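Enquirer: I'd like to ask some things about the structure below.
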Amino acid sequence: MMKTIVICNQKGGVGKTTTTSAMGAYLVKKGYRVLTIDSDPQGNLSSSIGINPDEVSTLDDLMTGKNTIQQVIIKTAIGDLISCSLSLSDADRRFTQFKAFEILKNILSEVNDSYDFTIIDAPPSLGIISLNDLIASDYVVVPVNAAAFSIQGIKALVSIIKEVKSDNKDLKIAGILVTRYNSRTTLGKDVIEVLKDIAEKIDTKVFDSKIRQGVAIEAAQADQIDIFTAAPKSGVASDYESFCNELMNDILKENR
């Protein structure tokens with residue numbers, strides 16, 4: 001059965017898009033059937049792999065019933081992609097119908113047997129789209145930028161997740177992923193200790209794997225390709241491979 005993982009943190013600049021792209025590329029490389037969803041109206045995931053969201057059918061077309069899921073899917077190196085554009089930026093105003101927060105869950109149920117994993121790049125907000133993402137998901141990965149750490153951001157997200165669990169009781173926080181990490185700084189070490197304390201209180205963990213700072217990420221985005229294709233021997237690629245292995249081992253162990 002397909003497992004859905006949402007990369008979520010309402011704070012921007014924490015590595016959600018890079019993490020989604022890396023996970024998609026990793027899983028494809030491992031032979032899994034992968035669906036990636038760009039649910040951020042800024043369309044950063046789409047743009048990062050060379051897709052212009054204004055030139056294709058998007059998540060908005062899918063959620064409004066204008067197109068079927070088969071009509072919006074784009075074949076990419078990080079799996080089948082559902083793009084997103086600014087047309088979804090007013091979603092909180094438009095999606096007000098009964099159980100509007102279950103639209104994506106119902107759509108994904110149509111392709112449950114077609115994919116092994118769905119990876120969702122959530123928007124940096126906690127509105128109707130993020131609620132759809134969380135209710136449609138089995139696991140949440142929370143990336144945190146070690147260079148611009150925000151405890152408040154994690155607390156707000158956890159509060160929303162607790163509310164969502166009334167509609168999605170199986171939703172689990174898979175862990176907190178530290179990005180832009182520099183182990184040589186006092187800040188980097190302090191962040192880990194604080195995050196471990198938070199993780200214990202919310203019944204999750206800080207992933208052992210941490211994503212270091214590196215120019216390879218910016219280079220990959222500039223070339224509009226995933227980190228494994230852009231810089232397969234880089235430290236960042238090695239970090240993401242380690243993280244993906246750790247996450248998949250956790251998920252597979254839990255579902256045996």
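Identifiers in the structure tokens: chain A, B, ... in order shown; residue index from 1 per chain; ligand index from 1 in order shown.
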With a distance cut-off of 12 Å and only C-alpha atoms, select the neighbouring residues of segment 227-235 of chain A, excluding the residue or stretch itself and same-chain residues fewer than 3 positions from it, and output the selection as a PyMOL selection string.
Expert: chain A and resi 17-29+48-49+77-78+180-181+209-224+238-242
Enquirer: Using only C-alpha atoms, which residues of segment 17-122 of chain A come within 12 Å of segment 165-172 of chain A, and what is the closest atom pair for each, with the distance in Å to one decimal? Give it as a tab-separated table, sorted by chain and residue number.
Expert:
```
residue	atom	partner	partner_atom	distance
A:Lys99	CA	A:Asp167	CA	10.3
A:Phe101	CA	A:Asp167	CA	9.6
A:Glu102	CA	A:Asp167	CA	9.1
A:Lys105	CA	A:Asn168	CA	10.1
```
Enquirer: Could you write those residues out with N, CA, C and O atoms, as a PDB file, in the first residue's frame?
Expert:
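To be explicit, this is the file written out as result12.pdb:
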```pdb
ATOM      1  N   LYS A  99     -15.852  19.326   4.257  1.00  0.00           N
ATOM      2  CA  LYS A  99     -14.684  18.439   4.195  1.00  0.00           C
ATOM      3  C   LYS A  99     -13.710  18.834   3.087  1.00  0.00           C
ATOM      4  O   LYS A  99     -13.131  17.973   2.406  1.00  0.00           O
ATOM      5  N   PHE A 101     -10.885  19.833   3.497  1.00  0.00           N
ATOM      6  CA  PHE A 101      -9.540  19.408   3.888  1.00  0.00           C
ATOM      7  C   PHE A 101      -9.248  17.960   3.508  1.00  0.00           C
ATOM      8  O   PHE A 101      -8.140  17.472   3.713  1.00  0.00           O
ATOM      9  N   GLU A 102     -10.240  17.251   2.937  1.00  0.00           N
ATOM     10  CA  GLU A 102     -10.029  15.855   2.540  1.00  0.00           C
ATOM     11  C   GLU A 102      -9.936  15.682   1.021  1.00  0.00           C
ATOM     12  O   GLU A 102      -9.904  14.552   0.528  1.00  0.00           O
ATOM     13  N   LYS A 105      -6.702  13.793  -0.038  1.00  0.00           N
ATOM     14  CA  LYS A 105      -6.772  12.406   0.436  1.00  0.00           C
ATOM     15  C   LYS A 105      -7.642  11.570  -0.498  1.00  0.00           C
ATOM     16  O   LYS A 105      -7.266  10.440  -0.867  1.00  0.00           O
TER      17      LYS A 105
END
```
Enquirer: Under the rule that only C-alpha atoms are counted, which of A:Asp90, A:Asp80, A:Glu193, A:Asp133 is the nearest residue to Ile103 of chain A?
Expert: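 Distance minimum relative to Ile103 of chain A lands on A:Asp133.
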Enquirer: Skip segment 61-66 of chain A itself and residues of its chain fewer than 4 positions away, then list as a list in words all residues within 9 Å of it, counting only C-alpha atoms.
Expert: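 The residues that qualify are Ser57, Gln71, Val72, Ile82, Phe95, Ile103, Leu104 and Ile107 of chain A.
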Enquirer: Would you work out the distance separating atom CA of Thr36 of chain A from atom CA of Pro53 of chain A, expressed in Å to one decimal?
Expert: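 Interatomic distance, atom CA of Thr36 of chain A to atom CA of Pro53 of chain A: 14.2 Å.
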Enquirer: Find the distance between atom CA of Asn9 of chain A and atom CA of Gly79 of chain A and write it in Å to one decimal.
Expert: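 About the pair atom CA of Asn9 of chain A and atom CA of Gly79 of chain A: they are 22.5 Å apart.
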Enquirer: How many Å separate atom CA of Thr118 of chain A from atom CA of Cys84 of chain A?
Expert: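 So the two atoms, atom CA of Thr118 of chain A and atom CA of Cys84 of chain A, lie 15.4 Å apart.
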Enquirer: Identify, on the basis of only C-alpha atoms, every residue whose closest approach to Leu195 of chain A does not exceed 10 Å; exclude the query and any residue fewer than 5 positions from it along the same chain; express the result as a list in words.
Expert: Val144, Ala146, Phe149, Ile151, Ile154, Ile176, Leu177, Val178, Asp190, Glu200, Lys201, Lys205 and Val206 of chain A
Enquirer: Taking only C-alpha atoms into account, name the residue in A:Ala174, A:Ile74, A:Ile129, A:Ile120 that is nearest to Asn249 of chain A.
Expert: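 Once distances to Asn249 of chain A are computed over only C-alpha atoms, the minimum belongs to A:Ala174.
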Enquirer: Run DSSP on the backbone and tell me which residues of segment 5-245 of chain A come out as strand (DSSP E); list them as a VMD selection string.
Expert: chain A and resid 5 to 7 34 to 38 73 to 76 79 to 82 117 to 121 139 to 145 172 to 179
Enquirer: Run DSSP on the backbone and grab whatever in segment 27-241 of chain A lands in helix (DSSP H, G or I); send it over as a count of residues only.
Expert: 98
Enquirer: Compile the contact shell of Ala156 of chain A as a PyMOL selection string: residues with an atom at most 9 Å away, counting only C-alpha atoms, same-chain residues fewer than 4 positions apart removed.
Expert: chain A and resi 10+126+151-152+160-161
Enquirer: Only C-alpha atoms, please: the residues just picked out, written as a short mmCIF file (atom, residue, chain, number, x, y, z; two decimals), in the first residue's frame.
Expert:
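After the write, part.cif holds the following:
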```
data_model
loop_
_atom_site.label_atom_id
_atom_site.label_comp_id
_atom_site.auth_asym_id
_atom_site.auth_seq_id
_atom_site.Cartn_x
_atom_site.Cartn_y
_atom_site.Cartn_z
CA GLN A 10 5.52 26.71 8.00
CA LEU A 126 -0.75 26.20 7.81
CA ILE A 151 11.27 26.61 18.25
CA GLN A 152 8.00 28.51 17.84
CA ILE A 160 -1.84 21.62 14.01
CA ILE A 161 -0.78 17.99 13.71
#
```
